[in-house]
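Asker: My structure file entry21.pdb, PDB, C-alpha atoms, pLDDT in the B column, is below:
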ATOM      1  CA  MET A  27     129.444 -62.861 -83.164  1.00 67.00           C
ATOM      2  CA  THR A  28     125.807 -63.325 -84.125  1.00 85.00           C
ATOM      3  CA  ASP A  29     124.163 -61.504 -87.019  1.00 89.00           C
ATOM      4  CA  ARG A  30     122.011 -59.515 -84.616  1.00 89.00           C
ATOM      5  CA  ALA A  31     125.015 -58.393 -82.547  1.00 88.00           C
ATOM      6  CA  ARG A  32     126.901 -57.442 -85.716  1.00 89.00           C
ATOM      7  CA  ALA A  33     123.925 -55.385 -86.978  1.00 89.00           C
ATOM      8  CA  MET A  34     123.655 -53.598 -83.624  1.00 89.00           C
ATOM      9  CA  ARG A  35     127.384 -52.821 -83.638  1.00 89.00           C
ATOM     10  CA  GLU A  36     127.226 -51.426 -87.182  1.00 88.00           C
ATOM     11  CA  LEU A  37     124.238 -49.274 -86.263  1.00 87.00           C
ATOM     12  CA  PHE A  38     126.097 -47.981 -83.196  1.00 87.00           C
ATOM     13  CA  ASP A  39     129.229 -47.189 -85.238  1.00 85.00           C
ATOM     14  CA  ARG A  40     127.226 -45.411 -87.950  1.00 82.00           C
ATOM     15  CA  GLY A  41     125.747 -43.156 -85.275  1.00 79.00           C
ATOM     16  CA  PHE A  42     129.219 -41.694 -84.680  1.00 80.00           C
ATOM     17  CA  ALA A  43     130.064 -41.453 -88.377  1.00 79.00           C
ATOM     18  CA  ALA A  44     126.950 -39.464 -89.302  1.00 76.00           C
ATOM     19  CA  PRO A  45     127.125 -35.661 -89.166  1.00 81.00           C
ATOM     20  CA  PRO A  46     125.407 -34.116 -86.141  1.00 78.00           C
ATOM     21  CA  ALA A  47     121.751 -33.294 -86.572  1.00 78.00           C
ATOM     22  CA  GLU A  48     120.832 -29.684 -87.286  1.00 84.00           C
ATOM     23  CA  PRO A  49     119.632 -27.917 -84.145  1.00 85.00           C
ATOM     24  CA  THR A  50     115.899 -27.376 -84.130  1.00 86.00           C
ATOM     25  CA  PRO A  51     114.826 -23.743 -83.923  1.00 88.00           C
ATOM     26  CA  PRO A  52     113.251 -22.704 -80.616  1.00 93.00           C
ATOM     27  CA  THR A  53     109.471 -22.762 -80.534  1.00 93.00           C
ATOM     28  CA  ARG A  54     106.694 -21.197 -78.487  1.00 93.00           C
ATOM     29  CA  ASP A  55     103.336 -22.726 -77.654  1.00 95.00           C
ATOM     30  CA  LEU A  56     100.223 -20.629 -78.257  1.00 95.00           C
ATOM     31  CA  LEU A  57      96.550 -20.885 -77.361  1.00 96.00           C
ATOM     32  CA  ARG A  58      94.554 -19.924 -80.446  1.00 95.00           C
ATOM     33  CA  ILE A  59      91.469 -17.893 -79.557  1.00 95.00           C
ATOM     34  CA  ARG A  60      88.740 -15.865 -81.246  1.00 92.00           C
ATOM     35  CA  LEU A  61      87.622 -12.362 -80.373  1.00 92.00           C
ATOM     36  CA  GLY A  62      84.372 -12.209 -82.289  1.00 89.00           C
ATOM     37  CA  ASP A  63      85.400 -13.719 -85.622  1.00 87.00           C
ATOM     38  CA  MET A  64      88.988 -12.410 -85.435  1.00 90.00           C
ATOM     39  CA  PRO A  65      91.707 -14.986 -84.738  1.00 93.00           C
ATOM     40  CA  HIS A  66      94.217 -14.174 -81.997  1.00 94.00           C
ATOM     41  CA  ALA A  67      96.649 -16.126 -79.859  1.00 95.00           C
ATOM     42  CA  ILE A  68      98.120 -15.942 -76.369  1.00 95.00           C
ATOM     43  CA  ALA A  69     101.411 -17.555 -75.375  1.00 94.00           C
ATOM     44  CA  LEU A  70     100.776 -20.556 -73.142  1.00 95.00           C
ATOM     45  CA  ASP A  71     103.549 -19.520 -70.785  1.00 92.00           C
ATOM     46  CA  ASP A  72     101.529 -16.344 -70.027  1.00 93.00           C
ATOM     47  CA  ILE A  73      98.489 -18.411 -68.999  1.00 94.00           C
ATOM     48  CA  ALA A  74      97.944 -19.981 -65.587  1.00 94.00           C
ATOM     49  CA  ALA A  75      94.747 -21.851 -66.526  1.00 94.00           C
ATOM     50  CA  LEU A  76      92.002 -22.173 -69.110  1.00 95.00           C
ATOM     51  CA  HIS A  77      88.404 -22.461 -67.906  1.00 94.00           C
ATOM     52  CA  ALA A  78      85.117 -23.056 -69.663  1.00 93.00           C
ATOM     53  CA  GLY A  79      81.622 -22.297 -68.493  1.00 90.00           C
ATOM     54  CA  LEU A  80      82.361 -20.480 -65.238  1.00 91.00           C
ATOM     55  CA  ALA A  81      79.503 -18.406 -63.873  1.00 92.00           C
ATOM     56  CA  ILE A  82      80.551 -14.749 -63.865  1.00 94.00           C
ATOM     57  CA  LEU A  83      78.915 -12.655 -61.171  1.00 94.00           C
ATOM     58  CA  ALA A  84      78.315  -9.179 -62.593  1.00 93.00           C
ATOM     59  CA  LEU A  85      79.192  -6.207 -60.388  1.00 91.00           C
ATOM     60  CA  PRO A  86      78.086  -2.589 -60.532  1.00 92.00           C
ATOM     61  CA  THR A  87      81.102  -0.763 -61.938  1.00 90.00           C
ATOM     62  CA  THR A  88      82.118   2.115 -64.160  1.00 91.00           C
ATOM     63  CA  VAL A  89      84.884   0.004 -65.719  1.00 90.00           C
ATOM     64  CA  ARG A  90      83.286  -1.136 -68.989  1.00 91.00           C
ATOM     65  CA  GLU A  91      85.801  -3.949 -69.551  1.00 92.00           C
ATOM     66  CA  LEU A  92      85.129  -5.578 -66.155  1.00 93.00           C
ATOM     67  CA  ARG A  93      82.545  -8.330 -66.680  1.00 94.00           C
ATOM     68  CA  GLY A  94      82.419  -9.362 -63.021  1.00 95.00           C
ATOM     69  CA  VAL A  95      84.089 -11.891 -60.740  1.00 96.00           C
ATOM     70  CA  VAL A  96      84.356 -15.653 -60.414  1.00 95.00           C
ATOM     71  CA  VAL A  97      85.446 -17.800 -57.509  1.00 94.00           C
ATOM     72  CA  LEU A  98      88.541 -19.871 -58.279  1.00 91.00           C
ATOM     73  CA  ARG A  99      90.176 -21.990 -55.600  1.00 87.00           C
ATOM     74  CA  GLY A 100      88.342 -20.021 -52.924  1.00 89.00           C
ATOM     75  CA  GLN A 101      89.388 -16.594 -54.201  1.00 90.00           C
ATOM     76  CA  LEU A 102      87.469 -13.878 -56.038  1.00 93.00           C
ATOM     77  CA  VAL A 103      89.050 -13.251 -59.428  1.00 95.00           C
ATOM     78  CA  PRO A 104      88.040 -10.240 -61.544  1.00 96.00           C
ATOM     79  CA  ILE A 105      87.111 -11.136 -65.123  1.00 96.00           C
ATOM     80  CA  TYR A 106      87.761  -8.665 -67.920  1.00 95.00           C
ATOM     81  CA  ASP A 107      86.459  -8.758 -71.480  1.00 94.00           C
ATOM     82  CA  LEU A 108      89.609  -9.347 -73.526  1.00 95.00           C
ATOM     83  CA  ALA A 109      88.120  -7.980 -76.755  1.00 94.00           C
ATOM     84  CA  MET A 110      87.157  -4.710 -75.078  1.00 94.00           C
ATOM     85  CA  LEU A 111      90.597  -4.377 -73.482  1.00 92.00           C
ATOM     86  CA  LEU A 112      92.083  -4.573 -76.969  1.00 91.00           C
ATOM     87  CA  GLY A 113      89.666  -2.025 -78.413  1.00 91.00           C
ATOM     88  CA  PHE A 114      87.247  -4.419 -80.161  1.00 92.00           C
ATOM     89  CA  PRO A 115      83.504  -4.914 -79.670  1.00 92.00           C
ATOM     90  CA  PRO A 116      82.697  -6.872 -76.496  1.00 91.00           C
ATOM     91  CA  ALA A 117      82.663 -10.644 -76.368  1.00 90.00           C
ATOM     92  CA  ALA A 118      79.257 -12.236 -76.662  1.00 89.00           C
ATOM     93  CA  ALA A 119      77.246 -12.348 -73.446  1.00 85.00           C
ATOM     94  CA  THR A 120      77.361 -16.135 -73.813  1.00 86.00           C
ATOM     95  CA  ALA A 121      81.188 -16.253 -74.129  1.00 88.00           C
ATOM     96  CA  ARG A 122      82.275 -19.198 -72.014  1.00 89.00           C
ATOM     97  CA  TRP A 123      86.072 -19.286 -72.279  1.00 95.00           C
ATOM     98  CA  ILE A 124      88.276 -17.672 -69.630  1.00 96.00           C
ATOM     99  CA  VAL A 125      92.040 -17.665 -69.198  1.00 95.00           C
ATOM    100  CA  THR A 126      93.679 -16.638 -65.974  1.00 94.00           C
ATOM    101  CA  LEU A 127      97.042 -14.969 -66.275  1.00 92.00           C
ATOM    102  CA  ARG A 128     100.188 -16.333 -64.716  1.00 89.00           C
ATOM    103  CA  THR A 129     101.461 -12.903 -63.653  1.00 86.00           C
ATOM    104  CA  ARG A 130      98.237 -11.489 -62.188  1.00 86.00           C
ATOM    105  CA  ALA A 131      95.195 -12.814 -60.386  1.00 89.00           C
ATOM    106  CA  ILE A 132      92.771 -11.842 -63.146  1.00 92.00           C
ATOM    107  CA  GLY A 133      90.799 -13.617 -65.826  1.00 95.00           C
ATOM    108  CA  LEU A 134      90.059 -12.701 -69.416  1.00 95.00           C
ATOM    109  CA  VAL A 135      86.862 -13.823 -71.137  1.00 96.00           C
ATOM    110  CA  PHE A 136      86.801 -14.405 -74.905  1.00 95.00           C
ATOM    111  CA  ASP A 137      84.496 -15.850 -77.548  1.00 93.00           C
ATOM    112  CA  GLY A 138      86.143 -19.092 -78.606  1.00 92.00           C
ATOM    113  CA  SER A 139      89.142 -21.373 -78.487  1.00 90.00           C
ATOM    114  CA  ASP A 140      90.694 -22.884 -81.596  1.00 90.00           C
ATOM    115  CA  GLY A 141      93.209 -25.075 -79.793  1.00 91.00           C
ATOM    116  CA  HIS A 142      96.967 -25.193 -79.451  1.00 93.00           C
ATOM    117  CA  ALA A 143      99.714 -24.276 -81.894  1.00 92.00           C
ATOM    118  CA  ARG A 144     103.498 -24.523 -81.726  1.00 93.00           C
ATOM    119  CA  VAL A 145     105.343 -21.939 -83.803  1.00 92.00           C
ATOM    120  CA  PRO A 146     108.991 -21.009 -84.286  1.00 91.00           C
ATOM    121  CA  VAL A 147     110.014 -18.084 -82.078  1.00 90.00           C
ATOM    122  CA  ALA A 148     111.309 -16.286 -85.178  1.00 88.00           C
ATOM    123  CA  ALA A 149     107.754 -16.279 -86.603  1.00 85.00           C
ATOM    124  CA  LEU A 150     106.591 -14.200 -83.626  1.00 86.00           C
ATOM    125  CA  ALA A 151     108.860 -11.233 -84.337  1.00 85.00           C
ATOM    126  CA  SER A 152     106.104  -9.309 -86.127  1.00 85.00           C
ATOM    127  CA  GLY A 153     103.411 -10.243 -83.613  1.00 88.00           C
ATOM    128  CA  ILE A 154     101.430 -11.950 -86.366  1.00 89.00           C
ATOM    129  CA  VAL A 155     101.495 -15.617 -87.349  1.00 90.00           C
ATOM    130  CA  ARG A 156      99.591 -17.433 -90.080  1.00 87.00           C
ATOM    131  CA  PHE A 157      97.327 -20.435 -89.554  1.00 82.00           C
ATOM    132  CA  ASP A 158      95.260 -21.947 -92.354  1.00 78.00           C
ATOM    133  CA  ASP A 159      95.702 -18.851 -94.555  1.00 78.00           C
ATOM    134  CA  HIS A 160      94.508 -16.559 -91.748  1.00 81.00           C
ATOM    135  CA  ALA A 161      96.658 -13.915 -90.116  1.00 87.00           C
ATOM    136  CA  CYS A 162      96.532 -14.288 -86.349  1.00 90.00           C
ATOM    137  CA  THR A 163      97.595 -11.547 -83.943  1.00 92.00           C
ATOM    138  CA  VAL A 164      99.601 -12.744 -80.958  1.00 94.00           C
ATOM    139  CA  ILE A 165      98.598 -10.825 -77.845  1.00 92.00           C
ATOM    140  CA  ALA A 166     101.713  -9.759 -75.971  1.00 86.00           C
ATOM    141  CA  ARG A 167     101.625  -9.971 -72.176  1.00 83.00           C
ATOM    142  CA  ARG A 168     103.202  -6.530 -71.780  1.00 83.00           C
ATOM    143  CA  ASP A 169     100.443  -4.983 -73.931  1.00 83.00           C
ATOM    144  CA  LEU A 170      97.756  -6.675 -71.843  1.00 83.00           C
ATOM    145  CA  GLU A 171      99.343  -5.548 -68.599  1.00 83.00           C
ATOM    146  CA  ALA A 172      99.652  -1.975 -69.857  1.00 83.00           C
ATOM    147  CA  ARG A 173      95.962  -1.916 -70.783  1.00 80.00           C
ATOM    148  CA  LEU A 174      94.971  -3.451 -67.447  1.00 79.00           C
ATOM    149  CA  ASP A 175      97.042  -0.875 -65.557  1.00 80.00           C
ATOM    150  CA  LYS A 176      95.313   1.865 -67.543  1.00 76.00           C
ATOM    151  CA  GLU A 177      91.874   0.524 -66.559  1.00 62.00           C
ATOM    152  CA  ARG A 178      92.633   0.443 -62.830  1.00 61.00           C
TER     153      ARG A 178
END
Starting from the file, lay out its structure as structure tokens.

Answerer:
Amino acid sequence: MTDRARAMRELFDRGFAAPPAEPTPPTRDLLRIRLGDMPHAIALDDIAALHAGLAILALPTTVRELRGVVVLRGQLVPIYDLAMLLGFPPAAATARWIVTLRTRAIGLVFDGSDGHARVPVAALASGIVRFDDHACTVIARRDLEARLDKER
């Protein structure tokens, strides 16, 4: 038996002798966003798509949170101001980020995107996670849907 074959066999055998690896805790992927200067996050599995720079056509409406509509894949999609839905001051008129929800054919405009984060599911129990010494509120889909139903 060659030295290389012997080394491979020993490595293979050690793999069975070692204790099993600890299971990794489940994680959830988040999109980090800003509403004004306040950090928030939305679970990626609640988002159908992220868009930047779409032209929003304003509509005459009494619904303050409704910014207008955009055309996506040949369909009109209403765009709501996410900050206003959550009770904060409106997003800047120049806000260019929009997420469309997986569960509804609507979009939400917000001020900025700070990228992706993967966090342990256990860290989401309070609805707040920490990034870079900043507390970040995770926006729950059920809360968004309840607020959207209230606006309709």

Asker: Skip segment 156-162 of chain A itself and residues of its chain fewer than 2 positions away, then list as a PyMOL selection string all residues within 12 Å of it, counting only C-alpha atoms.

Answerer: chain A and resi 56-61+63-68+140-146+149-150+152-154+164-165

Asker: Draw an axis-aligned box tight on the listed atoms of segment 81-91 of chain A, then pad every side by 4 Å and write out centre and edge lengths in Å to one decimal as JSON.

Answerer:
{"center_x": 81.9, "center_y": -8.1, "center_z": -65.0, "size_x": 15.7, "size_y": 28.5, "size_z": 17.2}

Asker: With all atoms listed in the file as the atoms that count, which of A:Leu134, A:Pro115, A:Gly41, A:Lys176 lies nearest to Gly62 of chain A?

Answerer: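 That would be A:Pro115, the residue with the smallest distance to Gly62 of chain A.
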
Asker: Within 10 Å of Thr120 of chain A, counting all atoms listed in the file, which residues show up once you throw out same-chain ones fewer than 3 positions away? Write them as a list of chain:residue names, please.

Answerer: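 Those residues are A:Gly79, A:Ala117, A:Trp123, A:Phe136, A:Asp137.
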
Asker: For the selection just defined, write its residues with C-alpha atoms to a file, as a compact mmCIF listing (two decimals), in the frame of the given file.

Answerer:
# COMPACT_ATOMS: atom_id res chain seq x y z
CA GLY A 79 81.62 -22.30 -68.49
CA ALA A 117 82.66 -10.64 -76.37
CA TRP A 123 86.07 -19.29 -72.28
CA PHE A 136 86.80 -14.40 -74.90
CA ASP A 137 84.50 -15.85 -77.55

Asker: Would you translate the PyMOL selection byres ((chain A and resi 105-112) around 10) into the concrete set of residues it matches in this file, as an MDAnalysis selection string?

Answerer: chainID A and resid 60:62 64 82:84 89:96 102:104 113:118 121 124:126 131:137 165 169:170 173:174 176:177

Asker: State, in Å with one decimal place, the distance from atom CA of Ala74 of chain A to atom CA of Leu98 of chain A.

Answerer: 11.9 Å

Asker: Which is closer to Ala148 of chain A than all the others in A:Thr163, A:Ala75, A:Arg54, A:Glu171, using all atoms listed in the file?

Answerer: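 Closest residue, counting all atoms listed in the file: A:Arg54.
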
Asker: Quick check, in Å to one decimal: how far apart do atom CA of Leu127 of chain A and atom CA of Leu76 of chain A lie?

Answerer: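 Result for atom CA of Leu127 of chain A versus atom CA of Leu76 of chain A: 9.2 Å, one decimal.
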
Asker: Point out the residue among A:Asp175, A:Asp29, A:Asp55, A:Asp39 with the least atom-to-atom distance to Asp71 of chain A, counting only C-alpha atoms.

Answerer: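 Using only C-alpha atoms, Asp71 of chain A sits closest to A:Asp55.
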
Asker: Could you tell me how far atom CA of Arg130 of chain A sits from atom CA of Ala166 of chain A, in Å to one decimal place?

Answerer: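 Between atom CA of Ala166 of chain A and atom CA of Arg130 of chain A the gap is 14.3 Å.
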
Asker: Could you check the closest approach to Gly138 of chain A for each of A:Thr88, A:Val155, A:Pro46, A:His77 and tell me which residue wins, using all atoms listed in the file?

Answerer: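 The closest residue to Gly138 of chain A is A:His77.
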
Asker: All heavy atoms are what I want for segment 71-82 of chain A; can you complete it accordingly and write them as an mmCIF file, in the frame of the given file?

Answerer:
data_model
loop_
_atom_site.group_PDB
_atom_site.id
_atom_site.type_symbol
_atom_site.label_atom_id
_atom_site.label_comp_id
_atom_site.auth_asym_id
_atom_site.auth_seq_id
_atom_site.Cartn_x
_atom_site.Cartn_y
_atom_site.Cartn_z
ATOM 1 N N ASP A 71 102.790 -19.800 -72.006
ATOM 2 C CA ASP A 71 103.549 -19.520 -70.785
ATOM 3 C C ASP A 71 103.086 -18.242 -70.086
ATOM 4 O O ASP A 71 103.528 -17.932 -68.994
ATOM 5 C CB ASP A 71 105.057 -19.510 -71.028
ATOM 6 C CG ASP A 71 105.500 -18.597 -72.148
ATOM 7 O OD1 ASP A 71 104.658 -17.901 -72.738
ATOM 8 O OD2 ASP A 71 106.702 -18.592 -72.445
ATOM 9 N N ASP A 72 102.150 -17.495 -70.685
ATOM 10 C CA ASP A 72 101.529 -16.344 -70.027
ATOM 11 C C ASP A 72 100.236 -16.721 -69.314
ATOM 12 O O ASP A 72 99.646 -15.902 -68.614
ATOM 13 C CB ASP A 72 101.216 -15.238 -71.043
ATOM 14 C CG ASP A 72 102.467 -14.598 -71.618
ATOM 15 O OD1 ASP A 72 103.535 -14.701 -70.981
ATOM 16 O OD2 ASP A 72 102.378 -14.001 -72.706
ATOM 17 N N ILE A 73 99.782 -17.964 -69.512
ATOM 18 C CA ILE A 73 98.489 -18.411 -68.999
ATOM 19 C C ILE A 73 98.676 -19.349 -67.810
ATOM 20 O O ILE A 73 99.467 -20.289 -67.879
ATOM 21 C CB ILE A 73 97.702 -19.143 -70.109
ATOM 22 C CG1 ILE A 73 97.402 -18.179 -71.264
ATOM 23 C CG2 ILE A 73 96.426 -19.764 -69.572
ATOM 24 C CD1 ILE A 73 96.820 -18.854 -72.481
ATOM 25 N N ALA A 74 97.928 -19.084 -66.742
ATOM 26 C CA ALA A 74 97.944 -19.981 -65.587
ATOM 27 C C ALA A 74 96.965 -21.124 -65.785
ATOM 28 O O ALA A 74 97.259 -22.270 -65.451
ATOM 29 C CB ALA A 74 97.610 -19.218 -64.305
ATOM 30 N N ALA A 75 95.765 -20.818 -66.340
ATOM 31 C CA ALA A 75 94.747 -21.851 -66.526
ATOM 32 C C ALA A 75 93.744 -21.406 -67.575
ATOM 33 O O ALA A 75 93.564 -20.213 -67.821
ATOM 34 C CB ALA A 75 94.029 -22.137 -65.210
ATOM 35 N N LEU A 76 93.085 -22.394 -68.162
ATOM 36 C CA LEU A 76 92.002 -22.173 -69.110
ATOM 37 C C LEU A 76 90.743 -22.781 -68.505
ATOM 38 O O LEU A 76 90.762 -23.923 -68.037
ATOM 39 C CB LEU A 76 92.325 -22.846 -70.451
ATOM 40 C CG LEU A 76 91.233 -22.859 -71.517
ATOM 41 C CD1 LEU A 76 90.934 -21.444 -71.989
ATOM 42 C CD2 LEU A 76 91.656 -23.733 -72.686
ATOM 43 N N HIS A 77 89.669 -22.011 -68.499
ATOM 44 C CA HIS A 77 88.404 -22.461 -67.906
ATOM 45 C C HIS A 77 87.291 -22.313 -68.928
ATOM 46 O O HIS A 77 87.327 -21.420 -69.771
ATOM 47 C CB HIS A 77 88.055 -21.615 -66.672
ATOM 48 C CG HIS A 77 89.127 -21.563 -65.657
ATOM 49 N ND1 HIS A 77 89.295 -22.520 -64.697
ATOM 50 C CD2 HIS A 77 90.127 -20.656 -65.456
ATOM 51 C CE1 HIS A 77 90.328 -22.210 -63.940
ATOM 52 N NE2 HIS A 77 90.857 -21.086 -64.385
ATOM 53 N N ALA A 78 86.294 -23.154 -68.799
ATOM 54 C CA ALA A 78 85.117 -23.056 -69.663
ATOM 55 C C ALA A 78 83.864 -23.109 -68.805
ATOM 56 O O ALA A 78 83.768 -23.915 -67.878
ATOM 57 C CB ALA A 78 85.101 -24.192 -70.678
ATOM 58 N N GLY A 79 82.926 -22.239 -69.120
ATOM 59 C CA GLY A 79 81.622 -22.297 -68.493
ATOM 60 C C GLY A 79 81.533 -21.831 -67.055
ATOM 61 O O GLY A 79 80.598 -22.204 -66.353
ATOM 62 N N LEU A 80 82.456 -21.008 -66.601
ATOM 63 C CA LEU A 80 82.361 -20.480 -65.238
ATOM 64 C C LEU A 80 81.264 -19.428 -65.168
ATOM 65 O O LEU A 80 81.082 -18.640 -66.096
ATOM 66 C CB LEU A 80 83.687 -19.842 -64.808
ATOM 67 C CG LEU A 80 84.899 -20.756 -64.683
ATOM 68 C CD1 LEU A 80 86.131 -19.927 -64.331
ATOM 69 C CD2 LEU A 80 84.659 -21.823 -63.647
ATOM 70 N N ALA A 81 80.541 -19.421 -64.074
ATOM 71 C CA ALA A 81 79.503 -18.406 -63.873
ATOM 72 C C ALA A 81 80.163 -17.112 -63.413
ATOM 73 O O ALA A 81 80.822 -17.075 -62.373
ATOM 74 C CB ALA A 81 78.493 -18.885 -62.839
ATOM 75 N N ILE A 82 79.986 -16.055 -64.198
ATOM 76 C CA ILE A 82 80.551 -14.749 -63.865
ATOM 77 C C ILE A 82 79.481 -13.942 -63.145
ATOM 78 O O ILE A 82 78.385 -13.745 -63.666
ATOM 79 C CB ILE A 82 81.017 -14.000 -65.126
ATOM 80 C CG1 ILE A 82 82.080 -14.820 -65.867
ATOM 81 C CG2 ILE A 82 81.556 -12.619 -64.763
ATOM 82 C CD1 ILE A 82 82.483 -14.229 -67.211
#
